[in-house]
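Asker: Quick one: the structure is below, and I'll ask about it shortly.
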Amino acid sequence: MGASFIHGPDVNNPVVKLNHQFNLPIADTDYTGWLAVRENDSVPYNETSVEAAAVKMNTAFKAVEHLSSDLEKDISVHSALRQVNQYQLIEDPLSQTFLAEHEFFFGDTVDTLSTKYLYDGYLESLLGNRRAISVLKDRPELSDGSSSTYPPGPGSHGVDVQEDKRVVIKCRNGQNYEADAVIVTLPLGVLKTNDVKFTPGLSTKKKGAIKRVGFGTVNKLVLEFNQQFWPNDTHHITVAKRDNAERGKFSILSSFQPIVHKPVIVTYAVSQIGEESETLSDAELKDIALSRLRTAFGTSIDNATIVNLSRTNWKNDRFSRGSYSFPALGIKAGDWEALGEAEPPLFFAGEHTQAKQYGTVLSAIETGRRAAAAVETYLKSDIAASVNVSYILIPAVNQDGRFGLGLI
Ligand SMILES: Cc1cc2nc3c(=O)[nH]c(=O)nc-3n(C[C@H](O)[C@H](O)[C@H](O)COP(=O)(O)OP(=O)(O)OC[C@H]3O[C@@H](n4cnc5c(N)ncnc54)[C@H](O)[C@@H]3O)c2cc1C
């Protein structure tokens, strides 16, 4: 219910390698097959208009990228689009659906995205490769035959580094774990809440970065129908909203039929709208999604019923507090690096701990390996050699059975 796409799936991508290792079913997707309709009259846009809107959006973002290198003071991407006279050009509802797609990638709106730190090949690295994206079909079964669905763990609420440099992790159920080194993979959203108290406190630099780097909300709604009422070659449906402020509200819907071979639609809510979606009942979410689909497919949906509904509530999940990190307005140079910097015996990993490909599983894996190597070096060092070395792996699990890289 979180990540499902492998970005840049070439043979050297560690996610692809893991995928092969565990023999997980994947399917290649492409981003053809867009059906874009107008909300007010259900009229589909023709292919030329859709392409023109996509080009307009890319041109607008290129202009912002160009501006970013000259900026002394950071501004939001929204302000930057206005400064380069592009916002007016993309204000039409169709272009706004492409803007919604960009915002889905970053997990927040252009009002909060930093212009100065947005780029660095990030979009190219994700969007540039999307034609060859692959998708996980099922929950993976681990090599020992167990499933990745663990019962909810107690969660930690304290990490104490003692004078002798040993670390005590305090869990909510009263259990303590001791170790010589710990890799902290807590999501940035959790670090922001101070739910887990570090004693002594983390460095000022890291605390500043935790505050400044953004952590957005993207929620998914997955609907399985009793029958498929959309064409096989329609992979994405987008409803161009009259009200641009609602562009992130389940207005992009993807068919997962080519992947799961069932009539499944997945749709998304982003940022503030994503957070608000968590207060809605299943019935209310269904109504919104069905109204989008009715706009696109008219009465052909009348005989379809929803047989399964799954939803996420990432903002309210106390083990996540959001979805993934992004460069928020106010971020400073070196903030991503600071998030990943080791403070021995504490080491840090997770999607948010490097400036490259943040917000992805790829980044979580790469930083996990980086931290594991650093721990190894640390434990082999003179300081650690004098003590009886141990390190621990605590399954870090939330209510959905998601599990992280390991420690804490
Ligand atoms: C809706 C959505 C769609 C996404 N789509 C994609 C995609 O298509 N492709 C892609 O590459 N990435 C995608 N991502 C991002 C990707 O899922 C994350 O970047 C990645 O999972 C982050 O891994 P992590 O190990 O840093 O954090 P997590 O996977 O969040 O792991 C952190 C772990 O810490 C645990 N934890 C939290 N607090 C505590 C505590 N107090 N005590 C103990 N344990 C705790 C959590 O339960 C969790 O298991 C998506 C994310 C979302 C939400």
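In the structure tokens, each chain is lettered A, B, ... as it comes, each chain's residues begin at 1, and ligands are numbered from 1 in order of appearance.
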Could you find all residues in range 280-378 of chain A that DSSP calls strand (DSSP E or B) from the backbone, and write them as an MDAnalysis selection string?
Answerer: chainID A and resid 306:311 325:326 328 343 346:348
Asker: Using N, CA and C atoms, can you write the selected residues to a file as a PDB file, in the first residue's frame?
Answerer:
ATOM      1  N   ILE A 306     -18.079  -2.612  -6.072  1.00  0.00           N
ATOM      2  CA  ILE A 306     -16.758  -2.734  -5.436  1.00  0.00           C
ATOM      3  C   ILE A 306     -16.782  -3.956  -4.522  1.00  0.00           C
ATOM      4  N   VAL A 307     -15.875  -4.904  -4.780  1.00  0.00           N
ATOM      5  CA  VAL A 307     -15.871  -6.110  -3.947  1.00  0.00           C
ATOM      6  C   VAL A 307     -14.782  -6.060  -2.879  1.00  0.00           C
ATOM      7  N   ASN A 308     -13.810  -5.183  -3.063  1.00  0.00           N
ATOM      8  CA  ASN A 308     -12.738  -5.041  -2.066  1.00  0.00           C
ATOM      9  C   ASN A 308     -12.248  -3.606  -2.045  1.00  0.00           C
ATOM     10  N   LEU A 309     -12.015  -3.101  -0.863  1.00  0.00           N
ATOM     11  CA  LEU A 309     -11.484  -1.740  -0.746  1.00  0.00           C
ATOM     12  C   LEU A 309     -10.321  -1.758   0.244  1.00  0.00           C
ATOM     13  N   SER A 310      -9.200  -1.182  -0.159  1.00  0.00           N
ATOM     14  CA  SER A 310      -8.103  -0.993   0.798  1.00  0.00           C
ATOM     15  C   SER A 310      -7.710   0.469   0.750  1.00  0.00           C
ATOM     16  N   ARG A 311      -7.292   0.978   1.878  1.00  0.00           N
ATOM     17  CA  ARG A 311      -6.915   2.389   1.938  1.00  0.00           C
ATOM     18  C   ARG A 311      -5.729   2.566   2.873  1.00  0.00           C
ATOM     19  N   SER A 325       9.926  11.793   1.967  1.00  0.00           N
ATOM     20  CA  SER A 325      10.521  13.117   2.140  1.00  0.00           C
ATOM     21  C   SER A 325      10.598  13.886   0.822  1.00  0.00           C
ATOM     22  N   PHE A 326      10.696  15.174   0.949  1.00  0.00           N
ATOM     23  CA  PHE A 326      10.821  16.040  -0.234  1.00  0.00           C
ATOM     24  C   PHE A 326      11.528  17.325   0.173  1.00  0.00           C
ATOM     25  N   ALA A 328      11.506  20.687   1.067  1.00  0.00           N
ATOM     26  CA  ALA A 328      10.506  21.698   1.420  1.00  0.00           C
ATOM     27  C   ALA A 328      11.141  23.074   1.366  1.00  0.00           C
ATOM     28  N   GLU A 343      26.266   9.457  14.027  1.00  0.00           N
ATOM     29  CA  GLU A 343      26.653  10.035  15.314  1.00  0.00           C
ATOM     30  C   GLU A 343      26.956   8.844  16.220  1.00  0.00           C
ATOM     31  N   LEU A 346      25.320   5.816  17.020  1.00  0.00           N
ATOM     32  CA  LEU A 346      24.076   5.829  16.246  1.00  0.00           C
ATOM     33  C   LEU A 346      24.397   6.054  14.779  1.00  0.00           C
ATOM     34  N   PHE A 347      23.783   5.252  13.919  1.00  0.00           N
ATOM     35  CA  PHE A 347      23.968   5.373  12.472  1.00  0.00           C
ATOM     36  C   PHE A 347      22.577   5.546  11.876  1.00  0.00           C
ATOM     37  N   PHE A 348      22.496   6.215  10.741  1.00  0.00           N
ATOM     38  CA  PHE A 348      21.177   6.577  10.226  1.00  0.00           C
ATOM     39  C   PHE A 348      20.985   6.091   8.798  1.00  0.00           C
TER      40      PHE A 348
END
Asker: As a PyMOL selection string, please: all residues of range 277-342 of chain A that backbone DSSP puts in alpha helix (DSSP H).
Answerer: chain A and resi 277+282-297+335-340
Asker: Smallest atom-to-atom distance to Gly107 in chain A: which of A:Leu290, A:Val264, A:Ala269, A:Leu339, using only C-alpha atoms?
Answerer: A:Ala269
Asker: Between A:Ser49, A:Asn194, A:Ser156, A:Gln83, which is the closest to Ile210 in chain A once you count only C-alpha atoms?
Answerer: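 For Ile210 in chain A, the nearest of the given residues is A:Asn194.
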Asker: Find the spatial neighbours of Gly189 in chain A, counting only C-alpha atoms, within a cut-off of 10 Å - ignore same-chain residues fewer than 6 positions away - and output them as a count of residues only.
Answerer: 20
Asker: Could you check the closest approach to Phe105 in chain A for each of A:Phe297, A:Tyr268, A:Thr59, A:Glu278 and tell me which residue wins, using only C-alpha atoms?
Answerer: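 Using only C-alpha atoms, Phe105 in chain A sits closest to A:Tyr268.
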Asker: What separation in Å, quoted to one decimal, exists between CA of Phe250 in chain A and CA of Glu51 in chain A?
Answerer: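 About the pair CA of Phe250 in chain A and CA of Glu51 in chain A: they are 21.3 Å apart.
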